[in-house]
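Novice: Data file model.csv (CSV, C-alpha atoms and all ligand atoms) is appended below.
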chain,number,residue,atom,x,y,z
M,1,MET,CA,2.1,7.9,-18.9
M,2,ILE,CA,2.8,11.7,-19.1
M,3,GLN,CA,1.0,13.9,-21.6
M,4,LEU,CA,1.5,17.6,-22.0
M,5,HIS,CA,-1.0,19.3,-24.2
M,6,GLN,CA,-0.4,22.8,-25.5
M,7,ILE,CA,1.6,23.9,-22.5
M,8,ASN,CA,2.6,27.5,-22.3
M,9,HIS,CA,4.4,29.0,-19.3
M,10,ARG,CA,5.3,32.5,-18.4
M,11,PHE,CA,7.0,33.8,-15.3
M,12,ALA,CA,6.3,37.3,-13.8
M,13,ILE,CA,9.5,38.7,-12.5
M,14,GLY,CA,10.5,41.9,-10.8
M,15,LYS,CA,8.8,44.0,-8.1
M,16,LYS,CA,5.0,43.9,-7.4
M,17,GLY,CA,3.2,46.3,-9.6
M,18,LYS,CA,6.2,46.5,-12.0
M,19,GLU,CA,6.4,42.9,-13.1
M,20,ARG,CA,7.8,41.9,-16.4
M,21,VAL,CA,6.3,38.8,-18.0
M,22,VAL,CA,8.9,36.4,-19.3
M,23,PRO,CA,7.5,33.6,-21.6
M,24,VAL,CA,9.5,30.4,-21.0
M,25,LEU,CA,7.7,27.5,-22.7
M,26,HIS,CA,5.6,27.7,-25.9
M,27,ASP,CA,3.0,25.3,-27.2
M,28,ILE,CA,4.6,22.2,-25.8
M,29,ASP,CA,3.0,18.9,-26.8
M,30,LEU,CA,4.7,15.8,-25.4
M,31,ARG,CA,3.7,12.2,-24.8
M,32,VAL,CA,5.9,9.9,-22.7
M,33,GLU,CA,4.8,6.3,-23.0
M,34,PRO,CA,4.8,3.8,-20.1
M,35,GLY,CA,8.3,2.2,-19.9
M,36,GLU,CA,10.0,4.9,-22.0
M,37,ILE,CA,13.2,6.7,-21.1
M,38,VAL,CA,13.1,10.3,-22.5
M,39,ALA,CA,16.0,12.6,-22.2
M,40,ILE,CA,15.5,16.4,-22.5
M,41,VAL,CA,18.5,18.4,-23.5
M,42,GLY,CA,19.0,22.1,-24.4
M,43,ARG,CA,21.0,25.1,-23.5
M,44,SER,CA,21.0,26.7,-20.1
M,45,GLY,CA,17.8,28.8,-19.7
M,46,SER,CA,15.9,26.9,-22.5
M,47,GLY,CA,13.2,25.8,-20.0
M,48,LYS,CA,14.2,22.2,-19.1
M,49,SER,CA,13.8,22.5,-15.3
M,50,THR,CA,10.6,24.5,-15.8
M,51,LEU,CA,9.2,21.6,-17.9
M,52,LEU,CA,10.1,19.1,-15.2
M,53,ASN,CA,8.7,21.3,-12.4
M,54,LEU,CA,5.4,21.4,-14.3
M,55,MET,CA,5.3,17.6,-14.6
M,56,SER,CA,6.0,17.5,-10.8
M,57,GLY,CA,3.3,20.0,-9.8
M,58,TYR,CA,5.8,22.4,-8.2
M,59,ILE,CA,4.5,25.1,-10.6
M,60,ARG,CA,1.3,25.4,-12.6
M,61,PRO,CA,1.2,26.0,-16.3
M,62,THR,CA,0.0,29.4,-17.5
M,63,SER,CA,-2.1,27.4,-20.0
M,64,GLY,CA,-2.5,23.9,-21.3
M,65,GLU,CA,-3.2,20.5,-19.7
M,66,ILE,CA,-1.0,17.9,-18.0
M,67,HIS,CA,-2.0,14.3,-17.5
M,68,VAL,CA,0.2,11.9,-15.5
M,69,ALA,CA,-0.6,8.2,-15.0
M,70,GLY,CA,-4.0,8.6,-16.6
M,71,ARG,CA,-5.0,11.5,-14.4
M,72,ASN,CA,-5.6,15.1,-15.3
M,73,VAL,CA,-3.4,16.8,-12.8
M,74,THR,CA,-3.6,20.3,-14.2
M,75,GLY,CA,-5.8,21.7,-11.4
M,76,LEU,CA,-4.7,19.6,-8.4
M,77,SER,CA,-4.3,21.5,-5.1
M,78,GLU,CA,-1.0,21.4,-3.3
M,79,GLY,CA,-2.2,18.7,-0.9
M,80,GLU,CA,-3.5,16.6,-3.8
M,81,TRP,CA,-0.2,17.0,-5.6
M,82,ALA,CA,1.7,15.9,-2.5
M,83,ASN,CA,-0.4,12.6,-2.3
M,84,PHE,CA,-0.2,12.1,-6.0
M,85,ARG,CA,3.6,12.5,-6.0
M,86,LEU,CA,4.0,10.0,-3.2
M,87,ALA,CA,2.0,7.4,-5.1
M,88,HIS,CA,3.4,7.9,-8.6
M,89,LEU,CA,6.6,9.9,-8.8
M,90,GLY,CA,10.2,9.6,-7.8
M,91,PHE,CA,12.6,12.5,-8.1
M,92,MET,CA,16.3,12.7,-8.6
M,93,PHE,CA,17.2,16.4,-8.4
M,94,GLN,CA,20.5,18.2,-8.5
M,95,SER,CA,20.1,19.5,-5.0
M,96,PHE,CA,19.8,16.4,-2.9
M,97,GLN,CA,17.4,17.9,-0.4
M,98,LEU,CA,18.6,15.6,2.4
M,99,ILE,CA,17.5,16.5,5.9
M,100,PRO,CA,20.7,17.5,7.8
M,101,GLY,CA,19.6,16.2,11.2
M,102,MET,CA,18.8,12.7,9.9
M,103,THR,CA,21.3,9.9,9.1
M,104,ALA,CA,21.7,8.6,5.5
M,105,TYR,CA,19.6,5.6,6.5
M,106,GLU,CA,16.8,7.8,8.0
M,107,ASN,CA,16.8,10.1,5.0
M,108,ALA,CA,16.5,7.1,2.6
M,109,GLU,CA,13.8,5.6,4.8
M,110,LEU,CA,11.6,8.7,4.9
M,111,PRO,CA,9.2,7.8,2.1
M,112,LEU,CA,8.4,4.5,3.9
M,113,VAL,CA,7.7,6.4,7.1
M,114,LEU,CA,5.5,8.9,5.3
M,115,ARG,CA,3.5,6.1,3.7
M,116,GLY,CA,3.1,4.4,7.0
M,117,THR,CA,5.0,1.2,6.3
M,118,PRO,CA,5.5,-0.8,9.5
M,119,VAL,CA,9.1,-0.6,11.0
M,120,SER,CA,9.5,-4.4,10.6
M,121,LYS,CA,9.2,-4.1,6.9
M,122,ARG,CA,11.3,-1.0,6.4
M,123,LYS,CA,14.8,-2.2,7.2
M,124,ALA,CA,15.2,-4.8,4.5
M,125,ARG,CA,14.0,-2.5,1.8
M,126,VAL,CA,16.2,0.5,2.9
M,127,MET,CA,19.3,-1.7,3.1
M,128,GLU,CA,18.5,-3.3,-0.2
M,129,LEU,CA,18.4,0.0,-2.0
M,130,MET,CA,21.3,1.5,-0.1
M,131,GLU,CA,23.4,-1.5,-1.2
M,132,GLN,CA,22.1,-1.2,-4.8
M,133,VAL,CA,23.4,2.4,-5.0
M,134,GLY,CA,26.6,1.6,-3.1
M,135,ILE,CA,26.0,3.6,0.1
M,136,ALA,CA,25.1,0.9,2.7
M,137,GLU,CA,28.4,1.3,4.6
M,138,PHE,CA,27.5,5.0,5.2
M,139,ALA,CA,24.1,4.3,6.7
M,140,ASP,CA,24.8,6.0,10.0
M,141,HIS,CA,26.5,9.0,8.6
M,142,TYR,CA,24.8,12.4,8.6
M,143,PRO,CA,24.6,14.3,5.2
M,144,GLY,CA,27.3,16.7,6.5
M,145,GLU,CA,29.7,13.7,6.9
M,146,LEU,CA,29.2,12.5,3.3
M,147,SER,CA,30.7,13.7,0.0
M,148,GLY,CA,28.5,15.3,-2.7
M,149,GLY,CA,28.4,12.0,-4.7
M,150,GLN,CA,27.5,10.0,-1.6
M,151,GLN,CA,24.7,12.4,-0.7
M,152,GLN,CA,23.4,12.2,-4.2
M,153,ARG,CA,23.3,8.4,-3.9
M,154,VAL,CA,21.3,8.6,-0.7
M,155,SER,CA,18.9,10.8,-2.5
M,156,VAL,CA,18.6,8.3,-5.3
M,157,ALA,CA,17.9,5.5,-2.8
M,158,ARG,CA,15.2,7.7,-1.3
M,159,SER,CA,13.7,8.5,-4.6
M,160,LEU,CA,13.3,4.8,-5.5
M,161,MET,CA,12.1,3.7,-2.1
M,162,LEU,CA,8.4,3.4,-3.0
M,163,ASN,CA,9.1,1.8,-6.5
M,164,PRO,CA,7.6,4.8,-8.3
M,165,PRO,CA,6.3,4.0,-11.8
M,166,ILE,CA,7.7,7.4,-13.0
M,167,VAL,CA,11.0,9.0,-12.1
M,168,LEU,CA,11.7,12.6,-13.0
M,169,ALA,CA,15.4,13.5,-12.9
M,170,ASP,CA,17.2,16.8,-13.2
M,171,GLU,CA,20.9,16.3,-14.0
M,172,PRO,CA,20.9,13.0,-12.0
M,173,THR,CA,24.6,12.4,-12.3
M,174,GLY,CA,25.7,16.0,-11.9
M,175,SER,CA,28.0,15.5,-9.0
M,176,LEU,CA,29.1,11.9,-9.5
M,177,ASP,CA,32.4,10.6,-10.7
M,178,SER,CA,32.5,8.4,-13.8
M,179,ASP,CA,32.3,5.1,-11.8
M,180,ASN,CA,29.3,6.3,-9.8
M,181,GLU,CA,27.7,7.7,-12.9
M,182,ARG,CA,28.0,4.4,-14.7
M,183,GLN,CA,26.5,2.7,-11.6
M,184,LEU,CA,23.5,5.0,-11.5
M,185,LEU,CA,22.9,4.7,-15.3
M,186,ASP,CA,23.0,0.9,-14.8
M,187,THR,CA,20.4,1.3,-12.0
M,188,ILE,CA,18.2,3.4,-14.3
M,189,ARG,CA,18.5,0.9,-17.2
M,190,GLY,CA,17.8,-2.0,-14.8
M,191,LEU,CA,14.7,-0.5,-13.3
M,192,ASN,CA,13.4,0.4,-16.8
M,193,LYS,CA,14.0,-3.2,-18.0
M,194,GLU,CA,12.8,-5.1,-14.9
M,195,ARG,CA,10.0,-2.9,-13.6
M,196,GLY,CA,9.1,-0.9,-16.7
M,197,THR,CA,9.9,2.3,-14.8
M,198,THR,CA,9.4,5.4,-16.9
M,199,PHE,CA,12.1,8.1,-16.8
M,200,VAL,CA,12.3,11.7,-17.9
M,201,LEU,CA,15.9,12.9,-17.6
M,202,ILE,CA,17.2,16.4,-18.0
M,203,THR,CA,20.8,16.3,-18.9
M,204,HIS,CA,23.8,18.0,-20.4
M,205,ASP,CA,25.7,14.7,-20.5
M,206,ASP,CA,25.8,12.5,-23.6
M,207,GLN,CA,26.4,9.4,-21.4
M,208,VAL,CA,23.1,10.1,-19.6
M,209,ALA,CA,21.3,10.8,-22.8
M,210,SER,CA,22.6,7.5,-24.2
M,211,VAL,CA,20.3,5.5,-21.9
M,212,ALA,CA,17.3,7.2,-23.3
M,213,HIS,CA,15.0,5.7,-26.0
M,214,ARG,CA,14.4,9.3,-27.2
M,215,THR,CA,16.1,12.6,-26.9
M,216,LEU,CA,14.1,15.8,-27.1
M,217,THR,CA,15.7,19.2,-27.5
M,218,LEU,CA,14.3,22.4,-26.0
M,219,LYS,CA,15.3,25.5,-27.8
M,220,ASP,CA,14.2,28.9,-26.4
M,221,GLY,CA,11.2,27.2,-24.9
M,222,TYR,CA,10.1,25.3,-28.0
M,223,LEU,CA,10.4,21.5,-28.2
M,224,MET,CA,12.5,21.0,-31.3
M,225,HIS,CA,12.8,17.4,-32.3
M,226,ALA,CA,13.2,13.8,-31.2
M,227,LYS,CA,16.2,11.6,-31.8
M,228,GLU,CA,15.0,8.1,-31.8
M,229,LYS,CA,16.5,4.8,-31.1
M,230,GLY,CA,15.3,1.8,-33.1
M,231,GLY,CA,12.5,3.8,-34.7
M,232,LEU,CA,10.1,2.8,-31.9
M,233,TYR,CA,8.6,6.2,-31.5
M,234,ALA,CA,8.5,7.5,-35.0
M,235,HIS,CA,5.0,8.7,-34.6
M,236,GLU,CA,6.0,10.8,-31.7
M,237,VAL,CA,8.4,13.1,-33.5
M,238,HIS,CA,7.5,16.8,-33.0
M,301,LIG,N1,10.8,30.9,-10.6
M,301,LIG,C1,11.1,31.6,-11.7
M,301,LIG,N2,10.8,32.9,-11.8
M,301,LIG,C2,11.2,33.7,-12.8
M,301,LIG,N3,11.8,33.2,-13.9
M,301,LIG,C3,12.2,31.9,-13.8
M,301,LIG,C4,11.9,31.1,-12.7
M,301,LIG,N4,12.4,29.8,-13.0
M,301,LIG,C5,13.0,29.9,-14.2
M,301,LIG,N5,12.9,31.2,-14.7
M,301,LIG,C6,13.4,31.6,-16.0
M,301,LIG,O1,12.9,30.7,-17.0
M,301,LIG,C7,14.0,30.4,-18.0
M,301,LIG,C8,14.1,28.9,-18.0
M,301,LIG,O2,14.7,28.4,-16.8
M,301,LIG,P1,15.0,26.9,-16.6
M,301,LIG,O3,15.5,26.7,-15.2
M,301,LIG,O4,13.7,26.1,-16.9
M,301,LIG,O5,16.1,26.6,-17.7
M,301,LIG,P2,17.0,25.3,-17.8
M,301,LIG,O6,16.9,24.9,-19.3
M,301,LIG,O7,16.6,24.2,-16.9
M,301,LIG,O8,18.4,25.9,-17.5
M,301,LIG,P3,19.7,25.2,-16.8
M,301,LIG,O9,20.2,24.2,-17.8
M,301,LIG,O10,20.7,26.3,-16.6
M,301,LIG,O11,19.3,24.6,-15.5
M,301,LIG,C9,15.2,31.2,-17.5
M,301,LIG,O12,15.3,32.3,-18.3
M,301,LIG,C10,14.9,31.5,-16.1
M,301,LIG,O13,15.5,32.7,-15.7
Could you write out this structure as structure tokens?
Ligand SMILES: Nc1ncnc2c1ncn2[C@@H]1O[C@H](COP(=O)(O)OP(=O)(O)OP(=O)(O)O)[C@@H](O)[C@H]1O
Specialist:
Amino acid sequence: MIQLHQINHRFAIGKKGKERVVPVLHDIDLRVEPGEIVAIVGRSGSGKSTLLNLMSGYIRPTSGEIHVAGRNVTGLSEGEWANFRLAHLGFMFQSFQLIPGMTAYENAELPLVLRGTPVSKRKARVMELMEQVGIAEFADHYPGELSGGQQQRVSVARSLMLNPPIVLADEPTGSLDSDNERQLLDTIRGLNKERGTTFVLITHDDQVASVAHRTLTLKDGYLMHAKEKGGLYAHEVH
């Protein structure tokens, strides 16, 4: 479902002409199977978000190849990436990226609007997901009128709106209390079981990692090892 082959990534930082090159990821080989939940853990600065941003097409690898859903996405243009994301990827990021001038309902609905789903078909889908994440009663609130946890749930509803086969999540429960965290983890488990949704989750939280079939550790930009559940992916250990 996702394949990273010999990924290296370096950032150039500092003023133009005086850049310093900082290597962040080294020789990453990773294969995420369809229907798998993979957690990526590691210290702050170890390269977790960079890895997720590469899988999302927000940054390009310095070298190596990335395949997602059977397609070599390494050289896609920004426009091609935008279409590819809409068709294949859902995102749960720490920053909710809600649009302040739109209500919770309108924010959640946005992917359906972008895809051109007719108005008559949108409402049931939006309300179904808003109910699933426990936010339906706040449908007409603007983001500024919602708590951090409520905003996060709106962004989760939005990320799942098009039933993406792959969801990439960066600290998805970061600003949730324990009840809402449990609810979101149940949603993740449920989608994985019922729809076979593939998840890659970055987390510091053992509760979140506990839903994963496999946990990978990034250490100083190297992928260290896999903790397996049930021995299913023994051949995948790096
Ligand atoms: N756009 C960028 N330009 C320059 N350096 C960057 C950029 N993004 C990340 N870095 C550097 O790359 C390294 C890895 O960052 P990254 O955000 O991937 O780590 P992380 O493991 O996700 O950390 P955290 O757990 O704190 O979010 C850090 O040293 C960071 O300073």
Novice: Taking all atoms listed in the file into account, which residues are within 6 Å of ligand LIG 301 (chain M), as number ranges by chain?
Specialist: M: 11, 13, 24, 43-50
Novice: Can you work out which one of M:Gly70, M:Glu109, M:Arg115, M:Phe199 has the shortest atom-to-atom distance to Asn83 of chain M, counting all atoms listed in the file?
Specialist: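 Closest residue, counting all atoms listed in the file: M:Arg115.
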Novice: Skip Glu80 of chain M itself and residues of its chain fewer than 6 positions away, then list as number ranges by chain all residues within 12 Å of it, counting only C-alpha atoms.
Specialist: M: 56-58, 71-74, 86-87
Novice: What is the distance, in Å and to one decimal place, between atom CA of Ala69 of chain M and atom CA of Leu216 of chain M?
Specialist: 20.5 Å
Novice: Got a sec: who's within 6 Å of Thr198 of chain M, counting all atoms listed in the file, leaving out chain neighbours fewer than 6 positions off, as an MDAnalysis selection string?
Specialist: chainID M and resid 34:37 166
Novice: Restricting it to C-alpha atoms, dump the selection as a PDB file, in the coordinates of the input.
Specialist:
ATOM      1  CA  PRO M  34       4.800   3.800 -20.100  1.00  0.00           C
ATOM      2  CA  GLY M  35       8.300   2.200 -19.900  1.00  0.00           C
ATOM      3  CA  GLU M  36      10.000   4.900 -22.000  1.00  0.00           C
ATOM      4  CA  ILE M  37      13.200   6.700 -21.100  1.00  0.00           C
ATOM      5  CA  ILE M 166       7.700   7.400 -13.000  1.00  0.00           C
TER       6      ILE M 166
END
Novice: Mind pulling up the distance from atom CA of Tyr105 of chain M to atom CA of Thr173 of chain M?
Specialist: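 Computed distance, atom CA of Thr173 of chain M to atom CA of Tyr105 of chain M, equals 20.6 Å.
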